Every structure is written in structure tokens, then in C-alpha cells.
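Chemist: Provided below: model.cif, containing mmCIF, C-alpha atoms.
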data_my_file
loop_
_atom_site.label_atom_id
_atom_site.label_comp_id
_atom_site.auth_asym_id
_atom_site.auth_seq_id
_atom_site.Cartn_x
_atom_site.Cartn_y
_atom_site.Cartn_z
CA MET P 1 -0.03 -19.35 -19.30
CA ALA P 2 -3.79 -19.31 -18.90
CA ASP P 3 -4.43 -18.39 -22.52
CA LYS P 4 -2.91 -17.13 -25.76
CA LYS P 5 -3.59 -13.49 -24.87
CA GLU P 6 -1.57 -13.74 -21.66
CA LEU P 7 1.31 -15.39 -23.50
CA GLU P 8 1.23 -12.54 -26.00
CA GLN P 9 1.21 -9.97 -23.20
CA ILE P 10 4.21 -11.35 -21.33
CA THR P 11 6.08 -11.84 -24.63
CA ASN P 12 5.47 -8.23 -25.64
CA CYS P 13 6.74 -7.10 -22.24
CA ALA P 14 9.81 -9.33 -22.46
CA MET P 15 10.70 -7.96 -25.91
CA CYS P 16 9.88 -4.31 -25.13
CA ALA P 17 12.45 -1.51 -25.21
CA ASN P 18 12.26 -1.45 -21.37
CA MET P 19 11.93 2.33 -21.05
CA CYS P 20 9.56 1.84 -18.09
CA LYS P 21 12.62 0.89 -16.02
CA TYR P 22 13.23 4.62 -15.56
CA SER P 23 10.04 4.78 -13.50
CA CYS P 24 10.89 1.65 -11.48
CA PRO P 25 12.10 2.58 -7.98
CA THR P 26 13.88 -0.72 -7.39
CA TYR P 27 15.94 -0.29 -10.56
CA LEU P 28 16.66 3.39 -9.90
CA ALA P 29 17.77 2.62 -6.34
CA THR P 30 19.98 -0.33 -7.22
CA GLY P 31 20.91 -0.09 -10.89
CA LYS P 32 20.30 -3.85 -11.20
CA GLU P 33 19.14 -4.68 -14.72
CA THR P 34 17.87 -8.10 -13.61
CA ILE P 35 15.01 -6.50 -11.66
CA THR P 36 13.76 -4.14 -14.36
CA PRO P 37 10.22 -4.90 -15.54
CA GLN P 38 11.35 -6.18 -18.94
CA LYS P 39 14.02 -8.48 -17.49
CA ILE P 40 11.54 -9.87 -14.95
CA ALA P 41 9.06 -10.50 -17.78
CA ARG P 42 11.78 -12.24 -19.77
CA LEU P 43 12.59 -14.52 -16.83
CA ILE P 44 8.89 -15.34 -16.42
CA LEU P 45 8.68 -16.22 -20.11
CA TYR P 46 11.81 -18.39 -19.90
CA GLU P 47 10.43 -20.15 -16.82
CA GLU P 48 7.17 -20.80 -18.64
CA LYS P 49 9.12 -22.46 -21.45
CA ALA P 50 11.20 -24.49 -18.95
CA PHE P 51 14.45 -22.76 -19.93
CA ILE P 52 15.44 -21.98 -16.31
CA ASP P 53 17.30 -24.51 -14.17
CA ASP P 54 17.97 -22.23 -11.17
CA LYS P 55 14.54 -22.19 -9.54
CA GLN P 56 15.76 -20.51 -6.36
CA GLY P 57 17.34 -17.70 -8.36
CA PHE P 58 14.15 -17.24 -10.35
CA PHE P 59 11.98 -17.10 -7.23
CA ASP P 60 14.39 -14.66 -5.54
CA VAL P 61 13.88 -12.21 -8.42
CA MET P 62 10.09 -12.55 -8.11
CA PHE P 63 10.39 -11.28 -4.54
CA GLN P 64 12.52 -8.28 -5.47
CA SER P 65 9.67 -6.35 -7.07
CA ALA P 66 8.13 -3.64 -4.91
CA MET P 67 4.76 -4.36 -6.57
CA CYS P 68 4.20 -0.61 -6.52
CA GLY P 69 2.58 -0.35 -9.96
CA ALA P 70 4.98 2.17 -11.49
CA CYS P 71 5.55 -0.10 -14.49
CA LYS P 72 1.81 -0.39 -15.05
CA VAL P 73 1.31 3.38 -14.98
CA HIS P 74 4.08 3.94 -17.53
CA CYS P 75 3.41 0.90 -19.73
CA VAL P 76 2.95 1.37 -23.47
CA TYR P 77 0.44 -1.50 -23.61
CA ASP P 78 -3.19 -1.12 -22.56
CA ASN P 79 -4.74 -3.31 -19.85
CA TYR P 80 -1.45 -4.93 -18.91
CA ASP P 81 -0.06 -5.34 -15.41
CA LEU P 82 3.21 -7.25 -14.97
CA ARG P 83 2.41 -7.70 -11.27
CA LYS P 84 -0.18 -10.35 -12.16
CA PHE P 85 2.55 -12.54 -13.62
CA ILE P 86 4.98 -11.81 -10.78
CA GLN P 87 2.29 -12.83 -8.33
CA ARG P 88 1.96 -16.20 -10.06
CA GLY P 89 5.70 -16.67 -9.71
CA ARG P 90 5.38 -16.02 -5.99
CA SER P 91 2.54 -18.52 -5.73
CA LYS P 92 4.79 -21.15 -7.30
CA ALA P 93 7.53 -20.29 -4.79
CA PHE P 94 5.07 -20.69 -1.91
CA LYS P 95 3.83 -24.05 -3.17
CA GLU P 96 7.38 -25.33 -3.58
CA GLY P 97 8.51 -24.03 -0.18
CA MET P 98 11.13 -21.70 -1.66
CA LEU P 99 10.28 -18.39 0.04
CA PRO P 100 12.88 -15.80 1.10
CA ASP P 101 13.67 -16.01 4.81
CA GLU P 102 11.96 -12.69 5.64
CA THR P 103 8.83 -13.75 3.82
CA ARG P 104 8.72 -17.09 5.59
CA LYS P 105 9.14 -15.47 9.02
CA ARG P 106 6.35 -13.00 8.31
CA ILE P 107 4.03 -15.83 7.28
CA GLU P 108 4.89 -17.79 10.43
CA THR P 109 3.95 -14.77 12.56
CA PHE P 110 0.73 -14.35 10.62
CA MET P 111 -0.23 -17.99 11.09
CA ARG P 112 0.36 -17.70 14.82
CA PHE P 113 -1.38 -14.39 15.52
CA GLY P 114 -3.58 -13.70 12.49
CA ASN P 115 -1.57 -10.59 11.58
CA PRO P 116 2.01 -9.88 10.44
CA TYR P 117 3.21 -8.06 13.58
CA GLY P 118 2.07 -10.31 16.40
CA GLU P 119 -0.64 -7.92 17.63
CA ARG P 120 -2.79 -9.66 20.23
CA GLN P 121 -5.49 -7.24 21.40
CA LEU P 122 -8.72 -6.47 19.55
CA LEU P 123 -9.33 -2.77 19.01
CA GLN P 124 -13.02 -1.99 18.93
CA LYS P 125 -15.04 1.08 19.94
CA GLY P 126 -17.85 3.26 18.72
CA THR P 127 -21.11 2.40 17.00
CA GLY P 128 -22.84 3.01 13.70
CA ASP P 129 -22.74 1.70 10.17
CA LEU P 130 -19.70 3.80 9.23
CA GLY P 131 -16.59 1.77 10.02
CA TYR P 132 -12.95 2.72 10.44
CA PHE P 133 -10.62 -0.22 9.85
CA VAL P 134 -7.39 0.22 11.80
CA SER P 135 -4.73 -1.51 9.72
CA CYS P 136 -1.90 -3.59 11.17
CA SER P 137 0.57 -0.82 10.30
CA ALA P 138 -1.55 1.79 12.14
CA TYR P 139 -2.37 -0.36 15.16
CA ASN P 140 0.68 0.68 17.21
CA ASP P 141 0.83 4.27 15.95
CA GLN P 142 -0.69 6.07 18.92
CA GLN P 143 -0.29 9.53 17.39
CA LEU P 144 -2.31 8.53 14.35
CA LEU P 145 -5.02 6.75 16.35
CA LYS P 146 -5.38 9.64 18.80
CA ALA P 147 -5.61 12.07 15.90
CA MET P 148 -8.39 10.06 14.28
CA ASP P 149 -10.24 9.81 17.58
CA ARG P 150 -10.15 13.59 17.97
CA ILE P 151 -11.41 14.15 14.44
CA ILE P 152 -14.27 11.70 14.95
CA SER P 153 -15.19 13.31 18.27
CA VAL P 154 -15.24 16.89 16.98
CA SER P 155 -17.06 15.99 13.75
CA LYS P 156 -19.79 14.18 15.73
CA GLU P 157 -19.65 11.31 13.22
CA GLN P 158 -20.77 7.91 14.50
CA VAL P 159 -17.84 5.67 13.64
CA HIS P 160 -17.34 2.02 14.54
CA GLU P 161 -13.55 1.51 14.88
CA PHE P 162 -12.13 -1.99 14.65
CA GLY P 163 -8.80 -3.74 14.03
CA GLY P 164 -5.96 -5.59 15.71
CA ALA P 165 -5.86 -9.22 16.86
CA ASP P 166 -6.61 -11.55 13.93
CA ILE P 167 -8.50 -8.99 11.85
CA CYS P 168 -6.18 -8.38 8.89
CA CYS P 169 -6.82 -7.81 5.20
CA GLY P 170 -4.40 -10.64 4.41
CA ALA P 171 -2.01 -8.65 2.21
CA PRO P 172 1.14 -10.33 3.64
CA LEU P 173 -0.26 -13.72 2.65
CA TYR P 174 -1.17 -12.46 -0.80
CA TYR P 175 2.29 -11.02 -1.51
CA ALA P 176 3.90 -14.20 -0.18
CA GLY P 177 1.98 -16.24 -2.74
CA ASP P 178 -0.25 -18.01 -0.21
CA THR P 179 -3.43 -17.82 -2.27
CA GLU P 180 -5.48 -20.16 -0.09
CA GLY P 181 -4.40 -18.43 3.12
CA PHE P 182 -5.26 -15.08 1.59
CA LYS P 183 -8.68 -16.35 0.56
CA ARG P 184 -9.36 -17.46 4.15
CA ALA P 185 -8.27 -14.03 5.47
CA ALA P 186 -10.55 -12.34 2.95
CA GLY P 187 -13.48 -14.51 4.05
CA LYS P 188 -12.79 -13.67 7.69
CA MET P 189 -12.67 -9.96 6.93
CA LYS P 190 -16.00 -10.22 5.12
CA GLY P 191 -17.46 -11.88 8.21
CA GLU P 192 -16.09 -9.15 10.49
CA ILE P 193 -17.60 -6.41 8.33
CA ASP P 194 -20.92 -8.19 7.87
CA LYS P 195 -21.44 -8.87 11.58
CA ARG P 196 -20.87 -5.18 12.34
CA LYS P 197 -23.49 -4.30 9.71
CA LEU P 198 -21.30 -1.67 8.11
CA ARG P 199 -22.34 0.11 4.93
CA ARG P 200 -19.18 2.19 4.49
CA VAL P 201 -15.61 1.67 5.69
CA ILE P 202 -12.76 4.16 6.07
CA ALA P 203 -9.33 2.64 5.43
CA ASP P 204 -6.08 4.26 6.59
CA CYS P 205 -3.84 1.86 4.64
CA PRO P 206 -3.94 2.08 0.81
CA ASN P 207 -2.81 -1.51 0.50
CA CYS P 208 -5.68 -2.76 2.70
CA MET P 209 -8.05 -0.76 0.54
CA LYS P 210 -6.63 -2.31 -2.63
CA MET P 211 -6.97 -5.80 -1.22
CA MET P 212 -10.59 -5.32 -0.17
CA THR P 213 -11.81 -3.44 -3.25
CA GLU P 214 -9.89 -5.28 -5.95
CA VAL P 215 -7.96 -8.40 -4.99
CA TYR P 216 -10.69 -10.01 -2.84
CA HIS P 217 -12.83 -10.23 -5.96
CA GLU P 218 -10.10 -12.26 -7.68
CA VAL P 219 -10.42 -14.99 -5.02
CA GLY P 220 -14.22 -14.95 -5.03
CA VAL P 221 -14.84 -12.72 -1.99
CA ASP P 222 -16.94 -9.60 -2.56
CA LEU P 223 -17.69 -7.03 0.14
CA ASP P 224 -21.01 -5.24 -0.11
CA VAL P 225 -19.71 -1.99 1.35
CA GLU P 226 -18.27 1.28 0.07
CA PHE P 227 -14.63 1.99 0.89
CA VAL P 228 -13.09 5.45 1.25
CA HIS P 229 -9.52 6.31 2.05
CA THR P 230 -8.79 8.48 5.09
CA THR P 231 -7.87 11.45 2.89
CA GLU P 232 -11.22 11.29 1.11
CA PHE P 233 -13.00 11.15 4.47
CA LEU P 234 -11.04 14.13 5.84
CA ASN P 235 -11.56 16.18 2.70
CA ALA P 236 -15.32 15.58 2.87
CA LEU P 237 -15.48 16.62 6.54
CA LEU P 238 -13.67 19.88 5.76
CA LYS P 239 -15.84 20.66 2.72
CA GLU P 240 -19.03 19.96 4.67
CA GLY P 241 -17.88 22.18 7.55
CA LYS P 242 -18.08 19.36 10.08
CA ILE P 243 -14.64 20.31 11.36
CA LYS P 244 -12.99 23.72 11.31
CA VAL P 245 -9.24 24.24 11.29
CA ASP P 246 -6.64 26.93 11.83
CA ARG P 247 -4.48 27.83 8.85
CA ALA P 248 -0.76 27.20 8.95
CA ASN P 249 1.75 29.58 7.43
CA THR P 250 4.44 27.15 6.38
CA THR P 251 5.46 24.67 3.67
CA ALA P 252 4.69 20.99 3.29
CA THR P 253 5.74 18.17 0.97
CA PHE P 254 3.28 15.35 0.36
CA HIS P 255 4.65 11.89 -0.36
CA ASP P 256 2.15 10.02 -2.52
CA PRO P 257 1.87 6.40 -1.30
CA CYS P 258 2.43 4.27 -4.42
CA ILE P 259 -0.71 2.14 -4.08
CA LEU P 260 -2.88 5.16 -3.24
CA ALA P 261 -1.70 6.96 -6.39
CA ASN P 262 -1.17 4.09 -8.83
CA ASP P 263 -3.99 1.68 -7.97
CA ILE P 264 -6.63 3.71 -6.15
CA GLY P 265 -6.08 6.95 -8.03
CA VAL P 266 -6.28 9.27 -5.02
CA THR P 267 -3.89 12.21 -5.40
CA THR P 268 -6.12 15.29 -5.29
CA ASP P 269 -7.83 14.83 -1.91
CA PRO P 270 -4.68 14.99 0.25
CA ARG P 271 -3.50 18.14 -1.52
CA GLU P 272 -6.88 19.78 -1.09
CA VAL P 273 -6.73 18.99 2.62
CA LEU P 274 -3.24 20.49 2.91
CA ARG P 275 -4.34 23.67 1.14
CA VAL P 276 -7.33 24.05 3.48
CA LEU P 277 -4.88 23.67 6.36
CA GLY P 278 -2.94 26.60 4.92
CA PHE P 279 0.19 24.82 3.71
CA GLU P 280 2.16 25.90 0.68
CA ILE P 281 2.84 22.59 -1.10
CA ARG P 282 6.32 21.87 -2.38
CA GLU P 283 6.15 18.92 -4.73
CA PRO P 284 9.03 16.43 -4.91
CA VAL P 285 10.39 15.64 -8.37
CA TYR P 286 8.52 12.34 -8.34
CA SER P 287 4.92 12.84 -7.25
CA ARG P 288 1.34 11.82 -8.00
CA GLU P 289 1.34 8.99 -10.59
CA ASP P 290 5.13 9.38 -10.91
CA THR P 291 5.68 8.80 -7.19
CA HIS P 292 8.35 6.46 -5.91
CA CYS P 293 7.59 3.70 -3.41
CA CYS P 294 8.85 4.25 0.14
CA GLY P 295 10.24 0.71 0.10
CA GLY P 296 7.92 -0.50 2.82
CA LEU P 297 5.16 -2.10 0.78
CA CYS P 298 4.76 -5.79 1.54
CA GLY P 299 5.85 -6.55 -2.00
CA ALA P 300 9.44 -5.51 -1.29
CA ARG P 301 9.82 -5.53 2.45
CA ILE P 302 9.01 -9.17 3.09
CA GLY P 303 11.37 -10.31 0.35
CA ASP P 304 14.65 -8.41 0.59
CA CYS P 305 15.46 -5.93 3.37
CA ARG P 306 18.61 -4.73 1.58
CA LEU P 307 16.53 -3.73 -1.41
CA THR P 308 14.07 -1.99 0.88
CA ASP P 309 16.82 0.07 2.49
CA LYS P 310 18.08 1.28 -0.89
CA VAL P 311 14.61 2.23 -2.14
CA SER P 312 13.81 4.01 1.13
CA SER P 313 17.10 5.95 1.12
CA MET P 314 16.46 7.08 -2.45
CA ARG P 315 12.97 8.31 -1.60
CA ILE P 316 14.14 10.10 1.55
CA GLY P 317 16.73 11.94 -0.54
CA GLU P 318 14.10 12.98 -3.08
CA LEU P 319 11.85 14.36 -0.33
CA LYS P 320 14.63 16.25 1.42
CA GLU P 321 15.37 18.11 -1.81
CA THR P 322 12.18 20.16 -1.33
CA ALA P 323 13.45 21.53 2.02
CA ALA P 324 9.85 21.77 3.24
CA ASP P 325 8.98 22.49 6.87
CA VAL P 326 6.70 19.45 7.12
CA TYR P 327 6.73 16.08 5.35
CA VAL P 328 3.37 14.36 5.08
CA SER P 329 1.95 11.11 3.80
CA ALA P 330 -1.31 9.20 3.98
CA CYS P 331 -0.14 5.67 4.68
CA PRO P 332 0.97 4.35 8.10
CA THR P 333 3.70 2.24 6.51
CA CYS P 334 5.13 5.19 4.57
CA LYS P 335 5.18 7.23 7.77
CA ALA P 336 7.18 4.56 9.60
CA VAL P 337 9.60 3.77 6.77
CA LEU P 338 10.31 7.44 5.97
CA SER P 339 10.85 8.45 9.60
CA ASP P 340 14.22 10.02 8.76
CA VAL P 341 12.34 13.08 7.49
CA ASP P 342 10.09 13.12 10.58
CA MET P 343 7.12 12.09 8.46
CA LYS P 344 3.61 12.80 9.71
CA ASP P 345 0.32 11.29 8.64
CA ILE P 346 -2.09 13.85 7.19
CA THR P 347 -4.61 12.81 9.86
CA GLU P 348 -2.27 14.16 12.54
CA LEU P 349 -2.01 17.56 10.86
CA VAL P 350 -5.79 17.89 10.65
CA ALA P 351 -6.19 16.97 14.32
CA GLU P 352 -3.48 19.41 15.40
CA GLN P 353 -5.18 22.34 13.64
CA ILE P 354 -8.79 21.64 14.64
CA ILE P 355 -10.57 24.60 16.21
CA ASN P 356 -12.67 23.50 19.21
CA GLU P 357 -15.95 25.39 19.16
#
Using C-alpha cells, write down the structure from this file.
Modeler:
Amino acid sequence: MADKKELEQITNCAMCANMCKYSCPTYLATGKETITPQKIARLILYEEKAFIDDKQGFFDVMFQSAMCGACKVHCVYDNYDLRKFIQRGRSKAFKEGMLPDETRKRIETFMRFGNPYGERQLLQKGTGDLGYFVSCSAYNDQQLLKAMDRIISVSKEQVHEFGGADICCGAPLYYAGDTEGFKRAAGKMKGEIDKRKLRRVIADCPNCMKMMTEVYHEVGVDLDVEFVHTTEFLNALLKEGKIKVDRANTTATFHDPCILANDIGVTTDPREVLRVLGFEIREPVYSREDTHCCGGLCGARIGDCRLTDKVSSMRIGELKETAADVYVSACPTCKAVLSDVDMKDITELVAEQIINE
């Protein structure tokens, strides 16, 4: 451990009553005690004291956390985040070449193309010092991109859109434990933003936003720009009257993306947008800071696809219980993973209801 305080933190977590497990989507979906926050903390403590002989087993558990932040939100200790310690475990796994197969394959694709999906073309259009970063997960979502283009056009905002090719926030490298690779990706992103002379950047992916506003700083890369999530941008356009919309007469359920709710703290803006659009909101049992991960966050998906499927199925069931007419999220990954409920991005709903004047 880096210092006595950190040793005290992980020890407290390891000896805790473990009630936060009832907020942990991976535990709730699988019932596996070994992947509850307290049990993971205990394994980390044992590994620190050299009590663990099965390194592969230890590293496998480190990659079974969704890294969604539910345990942090419901933790009884102040200023404690178990994910910091899990991330160190992943870094050890990377250094020792003991990554899960799915993680290794994703890293190989990233090293070849500069992104986790093998995207080859650069997406770039528009001008101005307001940027819109198209995330890897949004790059191939034509409905979302067309919706954003329509909103930008009608609002008359000057927006410089960019993404694709080897422009990636580096999150897959971070979650795989490749600290040096992530640092290089962060430096490249800083260069891409600086050369476009952007002062403000809209992000459609909550995880990208977390990387660029929080995690980059941890590796010594600071971006001198303001970041806003798509929902904040849309809400501002509606409040300022820059776009006008028809009102729906139907019901909608909003799925809070875990990183957007737990790390960025954005839960009000998307609901305000839905109300302006005329939707009656039906909340799922787990919403806002109590939301459950869709299962698609890099933290879980690149480590164990079986775990992902169980978490996703659980969340789909929770959403279906509302019996809403429309299911909405504000994360391209959530939209793709929760496609069984015909999930839409909130950007699409706004574009569909715009009144052309």
C-alpha cells in the first residue's frame, strides 16, 4: 500500500459488515459472494500480505467488478472508493501478462487501430470552439449521430464534431490496467483537443467524460476545457429556446447510466428534458444514484462476458417492470447493451420531436 491511510481504508472495507453488496449489480445478478465489495477488499488485503498463492484466481476476481461505483455511493466510509484498489490489481495483472482473454483481445485491437472496435475512418465536420466528441460506442450508431446533427443544425450552434480512427479517450486501456498506454492515449486526446482550439466539449459517453475530467489528472494530463454531457447540452438548448419541440402524450422510463449518475452526478437534466418533451416518467425500482449498471461498462465487459450477460438480463427485467411506452438512456453503450427493450438515446427523442420553424 502507498501509505498507512490506504492500508487502514482497505482493512476497514475488508472487515465491514458488507451491506453495500445489496447495491452491487454483479452480486445481485450472480449471487456470488466472492465478488461482493467486502470480499474483493479482503482478497486485495490478503494479496498485499502475500497470503494468496493463486495469482490467476486473484486477478480473475479483479476483472469481475463492473467498476460502476455503486459500492462507493453506498459506502459507510467517507472519501473511500474500492475501485482505486481494484484498478491497482488490474495493473498488476497487466504487468504480469495475466489478463482475461476478452481483455487481451480488446487491447490487441486497440493497439492496432487506436480504438477498441477497429474503427478506421476519422469523423470530423463543423467549425467553432464548441466541440462534440463522438465516442467509440457512438461512432457506428447512425441514428444517434443523425439526431445530433439535426439538433445542431436547428439550434444554429457552431459545433466542431470529431471522433473515430485513433481518437479515443483510452478507457479500455485504463480498465485493462495498462497505465502507460492510457497515459499515451490521454496525451493524444489532449493534443487533438488543443489543435482544434476548443474551449468546451460535449461528450455523449459518460465514461469518456469521467476519463477526461477525472482520471486524466491522475496520470498527469490536464485538459484546459469545460466538459458537458449531452443531456446537459440538450437541456440548456431547450431552456434557452434554441430548439422547440412537440409534446408527447405517452410514458417513458429513463435508465440512469451508472457512471453518469455515480461519478458525474447528472440525474436531473435528462428528466427535465423528458418532461419538456411531454413524457410521463415511470421510474424503475433502481434509479438515480441507486441505478444498476447495464453490464456494458468496460469494467465488466472486457473481463467476463458471462457476468455481463447476467447483469444485463437483470437490468432489462427491472426496466420492463415499469411497462413504459419508451425506454431511454443517455449513454451509447447502455443503448446497445439494453437493446432488448428497444432502448433509445435521449438525443434521438429530442430530434424526433423538434419543430422546424
Chemist: Given the choices P:Thr268, P:Ala138, P:Lys242, P:Ser91, which gets closest to P:Lys156 if the distance is worked out from all atoms listed in the file?
Modeler: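 That would be P:Lys242, the residue with the smallest distance to P:Lys156.
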Chemist: Taking all atoms listed in the file into account, name the residue in P:Lys146, P:Glu226, P:Arg288, P:Asp263 that is nearest to P:Glu348.
Modeler: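 Smallest separation from P:Glu348 among the options: P:Lys146.
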Chemist: Residues at most 6 Å from P:Ala165, counting only C-alpha atoms, excluding those fewer than 4 positions away in the same chain, as a PyMOL selection string?
Modeler: chain P and resi 119-122
Chemist: Check which residues satisfy the PyMOL selection byres ((chain P and resi 251-262) around 6) in the file shown, then give them as a count of residues only.
Modeler: 24
Chemist: Carefully work through the PyMOL selection byres ((chain P and resi 172) around 8) for this structure and note down the residues it includes, as an NGL selection string.
Modeler: :P and (106-107 or 116 or 170-171 or 173-176 or 298 or 302)
Chemist: Give me the result of the PyMOL selection byres ((chain P and resi 57) around 12) on this file, residue by residue, as a PyMOL selection string.
Modeler: chain P and resi 34-35+40+43-44+47+52-56+58-64+89+93+98-100
Chemist: Quick one: axis-aligned box around all listed atoms of stretch 162-180 of chain P, 4 Å on every side, centre and edge lengths in Å to one decimal, written as AutoDock Vina command-line options.
Modeler:
--center_x -4.1 --center_y -11.1 --center_z 7.1 --size_x 24.0 --size_y 26.2 --size_z 27.6
Chemist: Measuring between all atoms listed in the file, which one of P:Leu7, P:Met111, P:Leu144, P:Cys20 shows the shortest distance to P:Phe85?
Modeler: P:Leu7
Chemist: Of the candidates P:Cys294, P:Ala70, P:Ala248, P:Ile346, which one gets nearest to P:Leu145 if we count all atoms listed in the file?
Modeler: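 Nearest to P:Leu145: P:Ile346.
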Chemist: From the list P:Arg42, P:Ser65, P:Ile202, P:Ala351, which residue is nearest P:Ser153 when using only C-alpha atoms?
Modeler: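 That would be P:Ala351, the residue with the smallest distance to P:Ser153.
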Chemist: What is the atom CA of P:Ala66 to atom CA of P:Leu234 distance in Å?
Modeler: 28.3 Å
Chemist: Please measure the separation of atom CA of P:Val215 and atom CA of P:Asp178, giving the value in Å to one decimal.
Modeler: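 We find that atom CA of P:Val215 and atom CA of P:Asp178 lie 13.2 Å from each other.
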